[in-house]
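Okay, structure first, notes after.
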Amino acid sequence: MDSTIIQMGLLVTVFIGASVLHGISGIGFTLIATTALASIYPLPYAIVLVIFPSLLLNATTWLIGGERSIWQNISHYSRHYWLLALTSLLGSLLGAQLLLWVNSTYLLLLLAVVIAFYVLNSLWGKAIELPNTKFVLIAVGLSAGIIGGATNAMSAMLMMYLLSASDEKNTIAKVGNMCYFLGKLAQIIILREPIMAMSRAEWQIISLISVLSIVATLIGIRVHHYLPQARFRQLILLILAVLGVRIGWQGITALLL
């Protein structure tokens with residue numbers, strides 16, 4: 001079988017699987033897709049593949065749904081959470097730059113550590129509460145942005161602050177996806193040269209998986225009422241744990257060579 005067909009099938013499987021799980025449980029798309037692809041491709045290339053499907057999903061979650069219109073969502077959440085959005089954007093610019101400056105082996109190890117923290121914190125079942133102060137907001141925004149820009153794992157840290165600052169699930173989802181969206185824009189700005197260097201065939205693949213990701217997420221959202229969400233969250237954590245161990249091992253063996 002032609003290697004291009006195998007590669008295409010692998011990409012479609014990863015993105016559809018991550019999107020369905022994201023639609024059912026509300027979490028996991030970016031982390032699962034990035035971690036799965038990083039175990040096959042170099043991390044910078046994996047992140048480039050994930051940027052545009054994530055951008056569409058984040059924009060959809062941020063702007064559509066709830067009691068407000070698209071423009072009201074932009075105005076409301078930007079006005080109330082502008083500082084968190086700004087700091088996460090600035091952090092993402094720096095984090096994306098690390099992809100060009102730092103050996104990807106170290107970033108793989110960072111991603112493995114962040115995944116381990118995310119999985120263990122989720123299994124613990126009790127969110128870590130952070131003080132709702134301006135200093136903490138700035139520190140979390142910058143740190144989450146740097147981690148997100150370099151590894152696509154912004155949610156692991158950002159959620160700690162949002163869960164401490166608000167108990168309204170819709171607000172947490174909207175603000176989180178606003179920051180994720182800005183993080184993707186930062187990656188596009190910093191990684192514009194490798195993005196523009198992609199071939200026509202690669203752009204066609206990205207366009208296809210972007211559309212399929214949206215459709216698969218909508219299917220997941222449609223059926224999530226009929227399925228046990230807790231089980232799917234556990235499945236996501238299991239998948240992330242396995243993938244995290246794999247890329248962590250890749251990073252360690254690369255350092256030892």
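Labeling convention for the structure tokens: chains A, B, ... as they appear, residues from 1 per chain, ligands from 1 in order of appearance.
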Can you pull out every residue within 8 Å of Phe232 of chain A, counting only C-alpha atoms, but drop anything in the same chain fewer than 4 positions away, and send it as a list of chain:residue names?
A:Leu21, A:Ile24, A:Ser25, A:Pro228, A:Ile236
Write the residues you've just listed into a file as a PDB file, in the first residue's frame, and include C-alpha atoms for each of them.
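Writing the result to out_18.pdb gives the following:
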```pdb
ATOM      1  CA  LEU A  21     -14.050  12.321  22.081  1.00  0.00           C
ATOM      2  CA  ILE A  24     -18.651  13.825  23.757  1.00  0.00           C
ATOM      3  CA  SER A  25     -16.665  14.895  26.811  1.00  0.00           C
ATOM      4  CA  PRO A 228     -21.623   8.111  29.908  1.00  0.00           C
ATOM      5  CA  ILE A 236      -9.183  10.269  27.281  1.00  0.00           C
TER       6      ILE A 236
END
```
From a backbone DSSP assignment, name each residue in segment 7-173 of chain A labelled alpha helix (DSSP H), as a PyMOL selection string.
chain A and resi 7-25+29-38+43-63+70-80+82-101+104-124+134-151+155-165+169-173
Selected residues written out, C-alpha atoms, as a short mmCIF file (atom, residue, chain, number, x, y, z; two decimals), in the first residue's frame:
```cif
data_model
loop_
_atom_site.label_atom_id
_atom_site.label_comp_id
_atom_site.auth_asym_id
_atom_site.auth_seq_id
_atom_site.Cartn_x
_atom_site.Cartn_y
_atom_site.Cartn_z
CA GLN A 7 -0.18 8.53 6.23
CA MET A 8 -3.51 10.03 5.17
CA GLY A 9 -5.46 7.26 6.85
CA LEU A 10 -3.45 7.71 10.05
CA LEU A 11 -4.04 11.47 10.16
CA VAL A 12 -7.77 11.13 9.49
CA THR A 13 -8.08 8.46 12.20
CA VAL A 14 -6.24 10.58 14.79
CA PHE A 15 -8.27 13.73 14.10
CA ILE A 16 -11.67 12.04 13.85
CA GLY A 17 -11.03 10.06 17.04
CA ALA A 18 -9.84 13.12 18.97
CA SER A 19 -12.75 15.23 17.66
CA VAL A 20 -15.46 12.69 18.57
CA LEU A 21 -14.05 12.32 22.08
CA HIS A 22 -13.84 16.11 22.39
CA GLY A 23 -17.47 16.49 21.31
CA ILE A 24 -18.65 13.82 23.76
CA SER A 25 -16.67 14.90 26.81
CA PHE A 29 -8.90 17.34 21.08
CA THR A 30 -5.70 19.38 20.98
CA LEU A 31 -3.83 17.31 23.56
CA ILE A 32 -4.74 13.95 22.05
CA ALA A 33 -4.08 15.02 18.45
CA THR A 34 -0.78 16.74 19.26
CA THR A 35 0.51 13.95 21.50
CA ALA A 36 -0.47 11.22 19.04
CA LEU A 37 1.17 13.01 16.10
CA ALA A 38 4.26 13.95 18.15
CA LEU A 43 6.86 18.07 17.40
CA PRO A 44 6.98 21.33 15.36
CA TYR A 45 5.41 19.55 12.37
CA ALA A 46 2.77 17.91 14.58
CA ILE A 47 1.84 21.32 15.99
CA VAL A 48 1.57 22.83 12.51
CA LEU A 49 -0.84 20.04 11.50
CA VAL A 50 -3.01 20.68 14.56
CA ILE A 51 -3.09 24.50 14.36
CA PHE A 52 -5.90 25.03 11.86
CA PRO A 53 -8.35 22.32 13.02
CA SER A 54 -7.84 23.58 16.59
CA LEU A 55 -8.33 27.19 15.48
CA LEU A 56 -11.72 26.32 13.99
CA LEU A 57 -12.84 24.27 17.00
CA ASN A 58 -11.74 26.94 19.48
CA ALA A 59 -13.46 29.71 17.52
CA THR A 60 -16.66 27.64 17.29
CA THR A 61 -16.72 26.90 21.03
CA TRP A 62 -15.89 30.52 21.96
CA LEU A 63 -18.24 32.34 19.60
CA ILE A 70 -21.24 35.93 18.17
CA TRP A 71 -20.48 39.65 18.51
CA GLN A 72 -21.80 39.73 22.06
CA ASN A 73 -19.54 36.80 22.95
CA ILE A 74 -16.53 38.63 21.48
CA SER A 75 -17.40 41.84 23.33
CA HIS A 76 -18.36 40.30 26.67
CA TYR A 77 -15.48 37.87 27.19
CA SER A 78 -12.86 40.17 25.68
CA ARG A 79 -13.96 43.01 27.96
CA HIS A 80 -14.03 40.96 31.17
CA TRP A 82 -8.81 40.93 28.34
CA LEU A 83 -5.79 40.69 30.65
CA LEU A 84 -5.83 36.88 30.72
CA ALA A 85 -6.27 36.84 26.94
CA LEU A 86 -3.42 39.31 26.44
CA THR A 87 -0.96 37.51 28.71
CA SER A 88 -1.78 34.11 27.20
CA LEU A 89 -1.24 35.61 23.73
CA LEU A 90 2.13 37.07 24.70
CA GLY A 91 3.15 33.80 26.35
CA SER A 92 2.08 31.86 23.26
CA LEU A 93 4.25 34.06 21.05
CA LEU A 94 7.26 33.21 23.19
CA GLY A 95 6.30 29.54 23.47
CA ALA A 96 5.92 29.16 19.70
CA GLN A 97 9.31 30.80 19.28
CA LEU A 98 10.80 28.04 21.45
CA LEU A 99 9.85 25.58 18.71
CA LEU A 100 12.39 27.35 16.52
CA TRP A 101 15.03 27.91 19.21
CA SER A 104 12.42 19.45 20.11
CA THR A 105 13.63 16.62 22.37
CA TYR A 106 13.39 18.93 25.38
CA LEU A 107 9.94 20.10 24.31
CA LEU A 108 8.80 16.48 24.02
CA LEU A 109 9.90 15.93 27.62
CA LEU A 110 8.05 19.13 28.65
CA LEU A 111 4.92 17.87 26.92
CA ALA A 112 5.24 14.50 28.69
CA VAL A 113 5.58 16.27 32.08
CA VAL A 114 2.55 18.49 31.41
CA ILE A 115 0.46 15.47 30.35
CA ALA A 116 1.50 13.60 33.50
CA PHE A 117 0.46 16.59 35.62
CA TYR A 118 -2.85 16.88 33.73
CA VAL A 119 -3.69 13.18 34.08
CA LEU A 120 -2.70 12.92 37.76
CA ASN A 121 -4.57 16.11 38.64
CA SER A 122 -7.68 14.82 36.85
CA LEU A 123 -7.48 11.43 38.58
CA TRP A 124 -7.08 13.17 41.94
CA LYS A 134 -4.11 40.06 39.22
CA PHE A 135 -0.57 38.79 39.89
CA VAL A 136 -1.69 35.15 39.68
CA LEU A 137 -3.75 35.92 36.56
CA ILE A 138 -0.72 37.41 34.79
CA ALA A 139 1.59 34.59 35.92
CA VAL A 140 -0.87 31.90 34.82
CA GLY A 141 -1.63 33.62 31.51
CA LEU A 142 2.05 33.92 30.60
CA SER A 143 2.96 30.40 31.81
CA ALA A 144 -0.03 28.76 30.12
CA GLY A 145 0.75 30.66 26.92
CA ILE A 146 4.40 29.61 26.88
CA ILE A 147 3.51 25.96 27.49
CA GLY A 148 0.67 26.11 24.97
CA GLY A 149 2.74 27.81 22.30
CA ALA A 150 5.54 25.25 22.62
CA THR A 151 3.54 22.06 23.21
CA SER A 155 -5.32 23.90 29.09
CA ALA A 156 -3.43 22.02 31.82
CA MET A 157 -2.47 25.27 33.59
CA LEU A 158 -5.15 27.65 32.36
CA MET A 159 -7.97 25.51 33.75
CA MET A 160 -6.52 25.73 37.27
CA TYR A 161 -7.01 29.50 37.25
CA LEU A 162 -10.40 29.51 35.49
CA LEU A 163 -11.84 26.93 37.88
CA SER A 164 -10.69 29.11 40.77
CA ALA A 165 -12.00 32.35 39.23
CA LYS A 169 -19.12 26.14 33.25
CA ASN A 170 -20.12 28.14 30.18
CA THR A 171 -17.83 31.02 31.15
CA ILE A 172 -14.92 28.65 31.79
CA ALA A 173 -15.41 27.02 28.37
#
```
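Coordinates place atom CA of Leu191 of chain A at a distance of 26.5 Å from atom CA of Ile6 of chain A.
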How many Å lie between atom CA of Pro194 of chain A and atom CA of Trp249 of chain A, rounded to one decimal?
26.6 Å
